[in-house]
Structures are given as C-alpha cells and as structure tokens.
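Student: Before we start, here is the structure in question, set down as structure tokens.
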Amino acid sequence: MKNSDKPITGLLSDLARETSDLVQTEVRLAKAEISEKINQINSGIVSLITGGVVAFVGLLFLLQAVTIVLAQLLEPITQQPWVAPLIVGVIVAIIGAVLLQKGRRNLKAEALVPKRSAESLRHDRELLREQYK
C-alpha cells in the first residue's frame with residue numbers, strides 16, 4: 001500500500017513513530033559524542049598533571065645532576081655559581097610549559113562542543129519542518 005493510499009491517521013502514526021525513532025537516535029548520538037568529549041577532557045587533565053609532574057621532577061633531578069656537570073664545563077669561562085643552575089632551570093621550565101600548553105589546548109571550549117550532534121539536530125529540525133508543512 002502506497003503512502004498516498006493510507007488514511008491520515010496511519011500517516012500521522014507513521015510520522016509520530018519515525019519522529020520518535022529519530023529523536024532516540026539523536027539522543028544516542030549526543031550521548032556518544034558527549035562521552036567522547038568527556039574522554040577528551042580526561043586526556044587534557046592527564047596531560048596537565050603529567051606535564052606538571054614531569055616538569056617538577058625534571059627540575060629537581062636536572063638541577064642537581066646537570067648543574068654540577070654544567071658548572072664544571074663553565075668553570076673556565078665564569079666562576080659565578082648561579083650560571084649553571086639558571087641555564088638548566090630555563091630549559092626544564094620550557095619543557096614543562098610545552099606540556100602544560102598541550103593540556104590547555106585539549107581543554108579549550110571550542111574543542112569540547114558536540115558539533116556533529118548539533119549539526120544533525122539542525123538538519124533533523126529542518127526535515128521535520130518540511131514534513132509538517
């Protein structure tokens with residue numbers, strides 16, 4: 001039986017059922033995308049924490065070990081005891097800053113917007129408007 005042969009109540013019933021199915025599908029899609037974004041937030045947080053810990057541990061160990069070696073290498077050039085720790089500290093701080101920046105980039109608001117679900121909902125809204133005209 002063609003759709004044009006169905007009574008209006010049958011068509012409305014089909015439309016209601018299909019609309020319900022569509023909404024359920026969209027909700028599942030939104031849940032999946034939100035779950036993906038939560039994983040992205042977790043990844044960003046892990047990157048921030050890892051970057052901070054690595055920078056701190058690196059600072060401790062490098063300031064202790066590399067500073068001694070660098071001070072010995074710089075001894076013919078300068079007798080200033082602060083030059084070697086300064087050089088090592090700057091390098092470790094740069095590494096930590098890079099790791100922290102990576103974590104911050106993962107947590108930016110634009111990266112967390114469920115774009116596919118929003119676009120799909122806009123498209124579905126337009127289709128429903130066409131159906132009800």
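Labels used: A, B, ... for chains in the order of the structure tokens, numbers from 1 for residues in each chain, and numbers from 1 for ligands as shown.
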Could I get the residues of range 91-118 of chain A with an atom no further than 12 Å from an atom of range 23-42 of chain A, each paired with its nearest atom pair and that distance in Å to one decimal, using only C-alpha atoms, sorted by chain and residue number, as CSV?

Tutor:
```
residue,atom,partner,partner_atom,distance
A:Gly103,CA,A:Ile41,CA,9.1
A:Arg104,CA,A:Ile41,CA,9.9
A:Arg105,CA,A:Ile41,CA,10.3
A:Asn106,CA,A:Gln40,CA,6.8
A:Leu107,CA,A:Ile41,CA,5.9
A:Lys108,CA,A:Ile41,CA,9.2
A:Ala109,CA,A:Ile41,CA,10.2
A:Glu110,CA,A:Lys37,CA,10.9
A:Ala111,CA,A:Lys37,CA,8.2
A:Leu112,CA,A:Lys37,CA,5.6
A:Val113,CA,A:Lys37,CA,7.8
A:Pro114,CA,A:Glu33,CA,6.0
A:Lys115,CA,A:Glu33,CA,8.7
A:Arg116,CA,A:Glu33,CA,7.8
A:Ser117,CA,A:Ala30,CA,5.4
A:Ala118,CA,A:Ala30,CA,8.3
```

Student: Would you mind exporting C-alpha atoms of the selected residues as a PDB file, in the first residue's frame?

Tutor:
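What follows is the written file result.pdb:
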```
ATOM      1  CA  GLY A 103      46.933  20.077  28.114  1.00  0.00           C
ATOM      2  CA  ARG A 104      45.341  23.524  27.988  1.00  0.00           C
ATOM      3  CA  ARG A 105      44.776  23.194  24.237  1.00  0.00           C
ATOM      4  CA  ASN A 106      42.855  19.946  24.818  1.00  0.00           C
ATOM      5  CA  LEU A 107      40.588  21.710  27.328  1.00  0.00           C
ATOM      6  CA  LYS A 108      39.610  24.726  25.196  1.00  0.00           C
ATOM      7  CA  ALA A 109      35.860  25.232  24.896  1.00  0.00           C
ATOM      8  CA  GLU A 110      35.837  25.018  21.079  1.00  0.00           C
ATOM      9  CA  ALA A 111      37.334  21.529  21.226  1.00  0.00           C
ATOM     10  CA  LEU A 112      34.593  20.314  23.582  1.00  0.00           C
ATOM     11  CA  VAL A 113      31.483  21.407  21.632  1.00  0.00           C
ATOM     12  CA  PRO A 114      29.474  18.419  20.285  1.00  0.00           C
ATOM     13  CA  LYS A 115      29.460  19.790  16.726  1.00  0.00           C
ATOM     14  CA  ARG A 116      28.209  16.677  14.932  1.00  0.00           C
ATOM     15  CA  SER A 117      25.171  16.316  17.197  1.00  0.00           C
ATOM     16  CA  ALA A 118      24.275  19.997  16.914  1.00  0.00           C
TER      17      ALA A 118
END
```

Student: Which residues, written as a list in words, have at least one atom at most 10 Å from range 54-57 of chain A, with only C-alpha atoms counted and residues fewer than 6 positions away on the same chain left out?

Tutor: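 Using only C-alpha atoms, the neighbours found are Leu48, Leu63, Val92, Ala93, Ile94, Ile95, Gly96, Ala97, Val98, Leu99 and Leu100 of chain A.
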
Student: Determine which residues of chain A DSSP labels as alpha helix (DSSP H) from the backbone of this structure, then write them out as a PyMOL selection string.

Tutor: chain A and resi 8-74+83-106+109-112+115-132

Student: Considering only C-alpha atoms, can you say which of A:Lys102, A:Leu22, A:Leu11, A:Gln72 comes closest to Gly52 in chain A?

Tutor: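 Of the candidates, the smallest distance to Gly52 in chain A is held by A:Lys102.
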
Student: Counting only C-alpha atoms, figure out which residue out of A:Trp82, A:Leu128, A:Gln101, A:Arg122 gets nearest to Thr50 in chain A.

Tutor: A:Gln101

Student: By how many Å are CA of Leu127 in chain A and CA of Thr19 in chain A apart?

Tutor: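 Computing the Euclidean distance for CA of Leu127 in chain A and CA of Thr19 in chain A yields 10.2 Å.
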
Student: Need to verify the contact set: Ala71 in chain A, 10 Å, only C-alpha atoms, exclusion of same-chain residues closer than 2 positions in sequence. Can you return it as a PyMOL selection string?

Tutor: chain A and resi 66-69+73-85
